[in-house]
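Read the structure below first, then the notes.
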Amino acid sequence: MKTKLKKFIKKCLKKILVSIYRGMVKVLPVSKDVILFESNLGRNYTGNPKAIYERMVELGLDKKYRIVWIFSHPGEKIPGNAKQIKRVRFRYFYYCAIAKVWILDCRHPRFLIKRPENLYIQTWHGTPLKKLALDMEVIDMGGVKDIEHYRNEFRKNSSVWDCLISQNHFSSETFRRCFDFKKKMLEIGYPRNDILINGNKKEFIDQLKRKYNIPMDKKVILYAPTWRDNEYYDDKRYKFATALDFKQAKEALSDEYIMIVKYHYLIADRVDWTGMEGFVYSFPAEQEISELYLISDMLITDYSSVMFDYSLLKRPMFFFAYDLENYRENLRGFYFDMLEEVPGPISMTTKQLIQDIKQYDATKWEEKYKAYSNKFNHVDDGKASLHVIELIENHIKNG
C-alpha cells in the first residue's frame with residue numbers, strides 16, 4: 001500500500017513540475033552561458049557527452065560557461081566546475097528551460113520543450129549493425145508493445161534535434177532514414193573515440209592497467225556483448241544474457257589471459273562471479289568503456305556497436321554469436337551481412353570461441369579489416385570533440 005501511495009505522489013509531483021516547466025519556457029529568457037549535458041538518460045557519466053565535456057574542461061571552458069550535468073543519482077566524481085542536477089526535479093526543469101545548448105546521447109523525455117534559441121546536439125551512441133527506430137519491422141522490448149506508436153514517438157523526438165553526430169558515411173545514410181532526420185548531420189566521428197587515437201600509447205595504457213588492477217603479465221580479453229530486447233525483468237531493466245561458459249573459458253585460457261566483462265548500460269544484473277577470481281574482472285554498466293578498449297588486447301562481442309569503435313585500434317575481434325539466426329530473423333535484423341563483413345571469426349559455441357582465439361592468425365583478416373576500417377572508421381581523427389565545441393561556441397556567439 002505504501003509503495004502504491006509513493007508512486008501516486010511521485011506521479012502527481014511530476015505533473016505539477018511539468019506544468020510549472022511549461023510556464024517557465026514561456027516567461028524565462030534563454031541564458032547564453034548555460035550548457036546542459038546528459039548521458040544514458042541520466043544513468044551515468046559516459047560516452048560522447050562525457051568526451052565533449054572533458055575536452056571543454058581541458059580548454060578551461062567550464063569556467064567560461066555554466067555547465068549542468070543531469071543525473072538520476074547526482075554525486076558522480078567528475079572533473080571541472082559542472083553543477084550536478086537530479087533528473088525530473090525542479091532545478092532539472094529550470095535548467096532545461098533556460099539552457100542555450102542541450103547535449104544528449106539518447107532520446108529526450110516527451111515533456112521537454114525545445115526552444116527556438118536552443119541548440120540541441122544529439123550525439124547518439126553507436127554505429128548500427130542492428131536495425132533501429134523506423135527501420136525495425138518487429139519489436140519485443142521492455143515497455144514497448146505497439147511498433148507504430150514506437151515509430152511515431154521516435155519520429156517526434158528526432159524532429160526536435162538540430163544536429164546529429166555520425167561516425168561514418170554509412171551511419172549518416174542510415175540515421176537519415178531510420179530516424180527520419182532532416183536537419184544537420186555532423187559526420188565527424190565520435191568524440192568518445194578521441195581517446196583511442198590520442199591515448200593509444202604504452203605508458204598511458206600501463207597507467208590504466210594499474211588504475212583498474214589489471215595484471216601486467218597476462219593478455220587481456222574484453223567481453224562486451226549487447227543486450228537482448230526480449231530478455232528483461234520489467235520496463236527498463238534488462239538481463240545479462242549470454243551462452244558463454246566462463247568456467248570452460250577459464251580452464252582453457254587463464255594461463256595466458258584474463259577476461260574483462262563489461263555489461264551494456266541497459267543491463268541491471270549483478271552477476272555472481274564466484275569461482276572466476278583471477279580470471280574474470282567485471283565492470284558495471286556505468287563504467288566508461290573507452291579505457292577498457294585501450295587496456296585490452298582483443299575484443300569479444302556479438303552485435304554491439306563496440307565493434308565499430310574498437311576497430312580503430314586494429315586489434316583482433318571475435319564475434320560470439322550463439323543466437324545469430326534468432327537475433328537476425330526475430331529480434332532486430334541487420335543493416336549488412338555480418339557473416340561477410342566483420343573482420344574476425346564468428347563463433348557459435350564457447351568451445352569454438354576458445355579455438356578461434358588460440359588459432360587466430362592476423363594475416364588471414366588483413367584485407368577484411370582494411371575494408372571494414374575504410375567503411376566505418378574513415379572519419380574518426382581524434383578531434384571530434386573539438387569540432388562539437390567549435391559548433392557550440394559559434395552558436396552561443398552568433399545564435
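In the C-alpha cells, the first chain shown is A, the next is B, and so on; residue numbers restart at 1 for each chain, and ligands run from 1 in the order shown.
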Counting only C-alpha atoms, which residues of segment 272-358 of chain A fall within 12 Å of segment 145-167 of chain A, and what is the closest atom pair for each with its distance in Å at one decimal, ordered by chain and rising number, as CSV?
```
residue,atom,partner,partner_atom,distance
A:Ser305,CA,A:Gln167,CA,10.9
A:Phe308,CA,A:Gln167,CA,8.9
A:Asp309,CA,A:Gln167,CA,9.1
A:Leu312,CA,A:Gln167,CA,11.5
```
Please produce an output containing all heavy atoms for each residue in the selection, written as an mmCIF file, in the first residue's frame.
```cif
data_model
loop_
_atom_site.group_PDB
_atom_site.id
_atom_site.type_symbol
_atom_site.label_atom_id
_atom_site.label_comp_id
_atom_site.auth_asym_id
_atom_site.auth_seq_id
_atom_site.Cartn_x
_atom_site.Cartn_y
_atom_site.Cartn_z
ATOM 1 N N SER A 305 27.636 -2.177 -31.040
ATOM 2 C CA SER A 305 28.376 -1.157 -31.795
ATOM 3 C C SER A 305 29.808 -0.999 -31.307
ATOM 4 O O SER A 305 30.581 -0.260 -31.910
ATOM 5 C CB SER A 305 27.656 0.193 -31.715
ATOM 6 O OG SER A 305 27.634 0.680 -30.395
ATOM 7 N N PHE A 308 32.595 -1.273 -33.913
ATOM 8 C CA PHE A 308 32.986 -0.172 -34.794
ATOM 9 C C PHE A 308 33.983 0.763 -34.102
ATOM 10 O O PHE A 308 34.852 1.334 -34.750
ATOM 11 C CB PHE A 308 31.759 0.601 -35.248
ATOM 12 C CG PHE A 308 30.718 -0.259 -35.897
ATOM 13 C CD1 PHE A 308 29.536 -0.564 -35.232
ATOM 14 C CD2 PHE A 308 30.925 -0.791 -37.154
ATOM 15 C CE1 PHE A 308 28.581 -1.370 -35.813
ATOM 16 C CE2 PHE A 308 29.973 -1.608 -37.751
ATOM 17 C CZ PHE A 308 28.797 -1.905 -37.078
ATOM 18 N N ASP A 309 33.857 0.915 -32.806
ATOM 19 C CA ASP A 309 34.793 1.746 -32.050
ATOM 20 C C ASP A 309 36.128 1.024 -31.876
ATOM 21 O O ASP A 309 37.194 1.579 -32.108
ATOM 22 C CB ASP A 309 34.219 2.093 -30.672
ATOM 23 C CG ASP A 309 32.924 2.879 -30.760
ATOM 24 O OD1 ASP A 309 32.704 3.552 -31.787
ATOM 25 O OD2 ASP A 309 32.134 2.821 -29.808
ATOM 26 N N LEU A 312 39.093 0.818 -34.434
ATOM 27 C CA LEU A 312 40.069 1.906 -34.573
ATOM 28 C C LEU A 312 41.446 1.493 -34.069
ATOM 29 O O LEU A 312 42.472 2.014 -34.521
ATOM 30 C CB LEU A 312 39.602 3.141 -33.798
ATOM 31 C CG LEU A 312 38.515 3.989 -34.462
ATOM 32 C CD1 LEU A 312 37.836 4.885 -33.438
ATOM 33 C CD2 LEU A 312 39.100 4.816 -35.591
#
```
Checklist entry - In segment 35-247 of chain A, what's helix (DSSP H, G or I) per DSSP? Answer as JSON, numbers by chain? => result {"A": [40, 41, 42, 47, 48, 49, 50, 51, 52, 53, 54, 55, 56, 57, 58, 61, 62, 63, 64, 90, 91, 92, 93, 94, 95, 96, 97, 98, 133, 134, 135, 147, 148, 149, 150, 151, 152, 153, 154, 155, 156, 157, 158, 169, 170, 171, 172, 173, 174, 175, 176, 177, 178, 191, 192, 193, 194, 195, 196, 197, 198, 202, 203, 204, 205, 206, 207, 208, 209, 210, 211, 246, 247]}
Item to check | 9 Å contact set for Thr349 of chain A, only C-alpha atoms, chain neighbours under 4 positions out, as a PyMOL selection string | outcome: chain A and resi 243-245+320-322+353-354
With all heavy atoms kept, could you save the residues just selected as a compact mmCIF listing (two decimals), in the first residue's frame?
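Here's the written file result-v3.txt:
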```txt
# COMPACT_ATOMS: atom_id res chain seq x y z
N ALA A 243 25.50 -17.06 -23.58
CA ALA A 243 25.68 -18.51 -23.53
C ALA A 243 27.15 -18.86 -23.31
O ALA A 243 27.52 -20.04 -23.38
CB ALA A 243 25.16 -19.15 -24.81
N LEU A 244 27.97 -17.87 -23.04
CA LEU A 244 29.40 -18.13 -22.86
C LEU A 244 29.63 -18.90 -21.56
O LEU A 244 29.16 -18.47 -20.49
CB LEU A 244 30.18 -16.82 -22.85
CG LEU A 244 31.68 -16.92 -23.20
CD1 LEU A 244 32.18 -15.59 -23.75
CD2 LEU A 244 32.51 -17.30 -21.99
N ASP A 245 30.34 -19.99 -21.65
CA ASP A 245 30.68 -20.81 -20.48
C ASP A 245 31.99 -20.28 -19.89
O ASP A 245 33.08 -20.61 -20.39
CB ASP A 245 30.82 -22.28 -20.90
CG ASP A 245 31.03 -23.22 -19.73
OD1 ASP A 245 31.59 -22.78 -18.70
OD2 ASP A 245 30.67 -24.40 -19.85
N PHE A 320 31.10 -13.69 -30.73
CA PHE A 320 30.41 -14.82 -30.12
C PHE A 320 28.92 -14.64 -30.35
O PHE A 320 28.22 -13.96 -29.61
CB PHE A 320 30.74 -14.89 -28.62
CG PHE A 320 30.14 -16.09 -27.93
CD1 PHE A 320 30.39 -17.38 -28.39
CD2 PHE A 320 29.32 -15.93 -26.83
CE1 PHE A 320 29.84 -18.48 -27.76
CE2 PHE A 320 28.76 -17.03 -26.19
CZ PHE A 320 29.03 -18.31 -26.65
N ALA A 321 28.44 -15.24 -31.43
CA ALA A 321 27.07 -15.01 -31.92
C ALA A 321 26.26 -16.29 -31.82
O ALA A 321 25.76 -16.82 -32.82
CB ALA A 321 27.12 -14.50 -33.36
N TYR A 322 26.10 -16.78 -30.59
CA TYR A 322 25.43 -18.05 -30.35
C TYR A 322 23.96 -18.04 -30.77
O TYR A 322 23.38 -19.08 -31.06
CB TYR A 322 25.53 -18.41 -28.86
CG TYR A 322 24.86 -17.41 -27.93
CD1 TYR A 322 23.53 -17.56 -27.56
CD2 TYR A 322 25.56 -16.31 -27.46
CE1 TYR A 322 22.91 -16.63 -26.74
CE2 TYR A 322 24.95 -15.39 -26.63
CZ TYR A 322 23.63 -15.55 -26.28
OH TYR A 322 23.02 -14.63 -25.46
N LEU A 353 34.81 -20.69 -29.80
CA LEU A 353 35.41 -19.40 -29.50
C LEU A 353 36.82 -19.56 -28.95
O LEU A 353 37.75 -18.84 -29.37
CB LEU A 353 34.53 -18.65 -28.48
CG LEU A 353 35.08 -17.32 -27.95
CD1 LEU A 353 35.21 -16.30 -29.07
CD2 LEU A 353 34.18 -16.78 -26.84
N ILE A 354 37.00 -20.47 -28.04
CA ILE A 354 38.33 -20.74 -27.46
C ILE A 354 39.30 -21.16 -28.55
O ILE A 354 40.44 -20.69 -28.61
CB ILE A 354 38.23 -21.82 -26.37
CG1 ILE A 354 37.46 -21.28 -25.16
CG2 ILE A 354 39.62 -22.30 -25.96
CD1 ILE A 354 37.05 -22.36 -24.17
```
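Distances from A:Gly278, A:Gly60, A:Gly333, A:Pro225 to Ile300 of chain A were compared using only C-alpha atoms, and the smallest one belongs to A:Pro225.
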Item to check | Shell around Ser304 of chain A at 12 Å using only C-alpha atoms, local window under 3 positions removed, as a ChimeraX atom specification | outcome: /A:125-131,223-228,262-265,299-301,307-310,318-321,327,334,338,342
Just-selected residues, N, CA and C atoms written as a compact mmCIF listing (two decimals), in the first residue's frame:
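Result went into selection-v9.txt, see below:
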```txt
# COMPACT_ATOMS: atom_id res chain seq x y z
N HIS A 125 24.78 7.08 -29.85
CA HIS A 125 25.69 6.24 -29.06
C HIS A 125 26.19 5.01 -29.81
N GLY A 126 26.30 5.10 -31.13
CA GLY A 126 26.93 3.99 -31.83
C GLY A 126 26.53 3.86 -33.28
N THR A 127 27.48 3.37 -34.07
CA THR A 127 27.19 2.96 -35.46
C THR A 127 26.33 1.70 -35.40
N PRO A 128 25.28 1.61 -36.20
CA PRO A 128 24.37 0.46 -36.07
C PRO A 128 24.71 -0.72 -36.98
N LEU A 129 24.72 -1.90 -36.40
CA LEU A 129 24.60 -3.15 -37.15
C LEU A 129 23.13 -3.56 -37.15
N LYS A 130 22.53 -3.54 -35.95
CA LYS A 130 21.13 -3.95 -35.80
C LYS A 130 20.20 -2.80 -36.17
N LYS A 131 19.05 -3.14 -36.72
CA LYS A 131 18.11 -2.13 -37.21
C LYS A 131 17.58 -1.26 -36.06
N TYR A 223 35.26 -8.71 -23.04
CA TYR A 223 33.99 -9.27 -23.50
C TYR A 223 32.90 -8.23 -23.26
N ALA A 224 32.34 -7.72 -24.36
CA ALA A 224 31.35 -6.64 -24.27
C ALA A 224 30.17 -6.94 -25.20
N PRO A 225 29.23 -7.77 -24.74
CA PRO A 225 28.06 -8.09 -25.57
C PRO A 225 26.98 -7.02 -25.45
N THR A 226 26.06 -7.02 -26.40
CA THR A 226 24.91 -6.11 -26.32
C THR A 226 23.81 -6.74 -25.48
N TRP A 227 22.69 -6.03 -25.36
CA TRP A 227 21.53 -6.53 -24.63
C TRP A 227 20.58 -7.21 -25.61
N ARG A 228 19.68 -8.03 -25.05
CA ARG A 228 18.65 -8.70 -25.87
C ARG A 228 17.32 -8.03 -25.59
N LYS A 262 32.34 -6.47 -19.55
CA LYS A 262 31.71 -5.15 -19.47
C LYS A 262 30.25 -5.26 -19.85
N TYR A 263 29.35 -4.95 -18.89
CA TYR A 263 27.93 -5.01 -19.16
C TYR A 263 27.49 -3.82 -20.02
N HIS A 264 26.49 -4.04 -20.85
CA HIS A 264 25.84 -2.95 -21.59
C HIS A 264 25.15 -2.03 -20.59
N TYR A 265 25.02 -0.74 -20.96
CA TYR A 265 24.48 0.23 -20.00
C TYR A 265 23.02 -0.02 -19.60
N LEU A 299 39.01 -8.15 -28.48
CA LEU A 299 37.62 -7.95 -28.12
C LEU A 299 36.77 -9.16 -28.51
N ILE A 300 35.88 -9.55 -27.58
CA ILE A 300 34.81 -10.49 -27.93
C ILE A 300 33.50 -9.72 -27.80
N THR A 301 32.71 -9.70 -28.84
CA THR A 301 31.39 -9.07 -28.78
C THR A 301 30.42 -9.92 -29.58
N MET A 307 31.98 -2.97 -31.83
CA MET A 307 32.80 -3.49 -32.93
C MET A 307 33.30 -2.38 -33.86
N PHE A 308 32.60 -1.27 -33.91
CA PHE A 308 32.99 -0.17 -34.79
C PHE A 308 33.98 0.76 -34.10
N ASP A 309 33.86 0.91 -32.81
CA ASP A 309 34.79 1.75 -32.05
C ASP A 309 36.13 1.02 -31.88
N TYR A 310 36.05 -0.23 -31.46
CA TYR A 310 37.26 -0.99 -31.15
C TYR A 310 38.15 -1.18 -32.38
N PHE A 318 36.65 -10.87 -32.04
CA PHE A 318 35.97 -12.16 -32.14
C PHE A 318 34.48 -11.93 -31.88
N PHE A 319 33.64 -12.70 -32.57
CA PHE A 319 32.20 -12.48 -32.50
C PHE A 319 31.51 -13.74 -32.00
N PHE A 320 31.10 -13.69 -30.73
CA PHE A 320 30.41 -14.82 -30.12
C PHE A 320 28.92 -14.64 -30.35
N ALA A 321 28.44 -15.24 -31.43
CA ALA A 321 27.07 -15.01 -31.92
C ALA A 321 26.26 -16.29 -31.82
N TYR A 327 18.46 -13.72 -33.46
CA TYR A 327 18.61 -12.27 -33.31
C TYR A 327 18.35 -11.56 -34.64
N PHE A 334 19.56 -7.01 -39.41
CA PHE A 334 20.83 -6.30 -39.57
C PHE A 334 20.81 -5.40 -40.80
N MET A 338 26.56 -9.60 -41.65
CA MET A 338 27.61 -9.74 -40.64
C MET A 338 28.60 -10.84 -41.01
N VAL A 342 32.28 -8.65 -41.06
CA VAL A 342 33.07 -8.44 -39.84
C VAL A 342 34.47 -9.05 -40.00
```
Checklist entry - So, counting only C-alpha atoms, which residue among A:Leu41, A:Asp302, A:Asp206, A:Cys12 is closest to Ser347 of chain A? => result A:Asp302
Checklist entry - If you count only C-alpha atoms, which residues fall within 6 Å of segment 364-380 of chain A, apart from same-chain ones fewer than 3 positions away, as a count of residues only? => result 5
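Separating atom CA of Lys32 of chain A from atom CA of Lys100 of chain A is a distance of 5.3 Å.
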Shell of 10 Å around Met24 of chain A, only C-alpha atoms, local chain residues under 2 positions omitted, as a compact mmCIF listing (two decimals) with C-alpha atoms, in the first residue's frame:
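Output file selection01.txt is given in full below:
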```txt
# COMPACT_ATOMS: atom_id res chain seq x y z
CA VAL A 18 5.81 19.68 -15.86
CA SER A 19 3.08 22.32 -15.64
CA ILE A 20 5.47 24.74 -13.93
CA TYR A 21 8.10 23.96 -16.56
CA ARG A 22 5.72 24.86 -19.39
CA LYS A 26 7.08 30.90 -21.81
CA VAL A 27 8.45 33.53 -19.43
CA LEU A 28 12.14 32.82 -18.70
CA PRO A 29 14.81 34.03 -21.15
CA PHE A 93 13.16 21.66 -15.39
CA TYR A 94 14.59 25.10 -14.70
CA TYR A 95 17.89 24.41 -16.47
CA CYS A 96 16.18 22.57 -19.34
CA ALA A 97 14.06 25.71 -19.81
CA ILE A 98 16.92 28.24 -19.85
```
Closest atom pairs, residues of segment 269-316 of chain A within 12 Å of segment 207-217 of chain A, only C-alpha atoms, as a Markdown table:
```
| residue | atom | partner | partner_atom | distance |
| --- | --- | --- | --- | --- |
| A:Gly278 | CA | A:Pro215 | CA | 9.1 |
| A:Phe279 | CA | A:Pro215 | CA | 10.0 |
| A:Val280 | CA | A:Ile214 | CA | 10.4 |
| A:Tyr281 | CA | A:Ile214 | CA | 8.2 |
| A:Ser282 | CA | A:Tyr212 | CA | 10.6 |
| A:Phe283 | CA | A:Tyr212 | CA | 9.8 |
| A:Gln287 | CA | A:Tyr212 | CA | 11.3 |
| A:Ser290 | CA | A:Leu208 | CA | 10.9 |
| A:Glu291 | CA | A:Leu208 | CA | 7.1 |
| A:Leu292 | CA | A:Leu208 | CA | 8.4 |
| A:Tyr293 | CA | A:Leu208 | CA | 10.6 |
| A:Leu294 | CA | A:Leu208 | CA | 8.3 |
| A:Ile295 | CA | A:Lys209 | CA | 6.3 |
| A:Ser296 | CA | A:Lys209 | CA | 9.3 |
| A:Asp297 | CA | A:Met216 | CA | 11.8 |
```
Generate a file of the selected residues that holds N, CA and C atoms, formatted as a PDB file, in the first residue's frame.
```pdb
ATOM      1  N   GLY A 278      40.487 -13.978 -10.358  1.00  0.00           N
ATOM      2  CA  GLY A 278      41.781 -14.057 -11.032  1.00  0.00           C
ATOM      3  C   GLY A 278      41.684 -14.216 -12.540  1.00  0.00           C
ATOM      4  N   PHE A 279      40.470 -14.507 -13.018  1.00  0.00           N
ATOM      5  CA  PHE A 279      40.274 -14.625 -14.466  1.00  0.00           C
ATOM      6  C   PHE A 279      39.291 -13.575 -14.969  1.00  0.00           C
ATOM      7  N   VAL A 280      38.116 -13.501 -14.369  1.00  0.00           N
ATOM      8  CA  VAL A 280      37.113 -12.521 -14.770  1.00  0.00           C
ATOM      9  C   VAL A 280      37.221 -11.263 -13.917  1.00  0.00           C
ATOM     10  N   TYR A 281      37.334 -10.135 -14.589  1.00  0.00           N
ATOM     11  CA  TYR A 281      37.288  -8.823 -13.954  1.00  0.00           C
ATOM     12  C   TYR A 281      36.054  -8.127 -14.515  1.00  0.00           C
ATOM     13  N   SER A 282      35.023  -7.999 -13.693  1.00  0.00           N
ATOM     14  CA  SER A 282      33.762  -7.452 -14.201  1.00  0.00           C
ATOM     15  C   SER A 282      33.662  -5.957 -13.927  1.00  0.00           C
ATOM     16  N   PHE A 283      33.014  -5.266 -14.855  1.00  0.00           N
ATOM     17  CA  PHE A 283      32.807  -3.827 -14.744  1.00  0.00           C
ATOM     18  C   PHE A 283      31.322  -3.537 -14.934  1.00  0.00           C
ATOM     19  N   GLN A 287      30.338   1.909 -16.102  1.00  0.00           N
ATOM     20  CA  GLN A 287      31.747   2.115 -16.405  1.00  0.00           C
ATOM     21  C   GLN A 287      31.959   2.608 -17.844  1.00  0.00           C
ATOM     22  N   SER A 290      35.720   3.160 -22.991  1.00  0.00           N
ATOM     23  CA  SER A 290      36.847   3.557 -23.842  1.00  0.00           C
ATOM     24  C   SER A 290      38.194   3.147 -23.244  1.00  0.00           C
ATOM     25  N   GLU A 291      38.347   3.330 -21.940  1.00  0.00           N
ATOM     26  CA  GLU A 291      39.605   2.956 -21.298  1.00  0.00           C
ATOM     27  C   GLU A 291      39.796   1.440 -21.280  1.00  0.00           C
ATOM     28  N   LEU A 292      38.688   0.708 -21.236  1.00  0.00           N
ATOM     29  CA  LEU A 292      38.772  -0.755 -21.284  1.00  0.00           C
ATOM     30  C   LEU A 292      39.196  -1.234 -22.670  1.00  0.00           C
ATOM     31  N   TYR A 293      38.780  -0.507 -23.715  1.00  0.00           N
ATOM     32  CA  TYR A 293      39.285  -0.807 -25.054  1.00  0.00           C
ATOM     33  C   TYR A 293      40.806  -0.748 -25.071  1.00  0.00           C
ATOM     34  N   LEU A 294      41.338   0.332 -24.528  1.00  0.00           N
ATOM     35  CA  LEU A 294      42.776   0.574 -24.600  1.00  0.00           C
ATOM     36  C   LEU A 294      43.580  -0.489 -23.873  1.00  0.00           C
ATOM     37  N   ILE A 295      43.094  -0.986 -22.736  1.00  0.00           N
ATOM     38  CA  ILE A 295      43.889  -1.937 -21.962  1.00  0.00           C
ATOM     39  C   ILE A 295      43.705  -3.381 -22.429  1.00  0.00           C
ATOM     40  N   SER A 296      42.807  -3.611 -23.392  1.00  0.00           N
ATOM     41  CA  SER A 296      42.567  -4.973 -23.863  1.00  0.00           C
ATOM     42  C   SER A 296      43.380  -5.274 -25.116  1.00  0.00           C
ATOM     43  N   ASP A 297      43.743  -6.538 -25.242  1.00  0.00           N
ATOM     44  CA  ASP A 297      44.498  -6.989 -26.415  1.00  0.00           C
ATOM     45  C   ASP A 297      43.594  -7.498 -27.521  1.00  0.00           C
TER      46      ASP A 297
END
```
Can you check which residues of segment 167-389 of chain A DSSP gives as strand (DSSP E or B) on the backbone and send them as a tab-separated table (two decimals) with C-alpha atoms, in the first residue's frame?
```tsv
chain	number	residue	atom	x	y	z
A	184	LYS	CA	22.25	18.94	-39.82
A	185	MET	CA	24.28	15.73	-39.87
A	186	LEU	CA	27.69	16.08	-38.22
A	187	GLU	CA	29.76	13.36	-39.91
A	219	LYS	CA	46.90	-10.73	-22.19
A	220	VAL	CA	43.54	-9.02	-21.75
A	221	ILE	CA	40.31	-10.15	-23.43
A	222	LEU	CA	37.44	-7.66	-23.34
A	223	TYR	CA	33.99	-9.27	-23.50
A	232	TYR	CA	14.17	-8.18	-19.34
A	238	TYR	CA	17.45	-5.94	-18.96
A	257	TYR	CA	44.71	-14.45	-20.46
A	258	ILE	CA	42.37	-12.63	-18.12
A	259	MET	CA	38.89	-11.54	-19.20
A	260	ILE	CA	37.24	-8.18	-18.61
A	261	VAL	CA	33.44	-8.45	-18.71
A	262	LYS	CA	31.71	-5.15	-19.47
A	267	ILE	CA	21.85	-4.28	-18.04
A	280	VAL	CA	37.11	-12.52	-14.77
A	281	TYR	CA	37.29	-8.82	-13.95
A	282	SER	CA	33.76	-7.45	-14.20
A	283	PHE	CA	32.81	-3.83	-14.74
A	298	MET	CA	41.40	-8.31	-28.13
A	299	LEU	CA	37.62	-7.95	-28.12
A	300	ILE	CA	34.81	-10.49	-27.93
A	301	THR	CA	31.39	-9.07	-28.78
A	317	MET	CA	38.00	-9.01	-32.76
A	318	PHE	CA	35.97	-12.16	-32.14
A	319	PHE	CA	32.20	-12.48	-32.50
A	320	PHE	CA	30.41	-14.82	-30.12
A	334	PHE	CA	20.83	-6.30	-39.57
A	346	ILE	CA	32.27	-15.79	-35.71
A	347	SER	CA	31.78	-18.46	-33.04
```
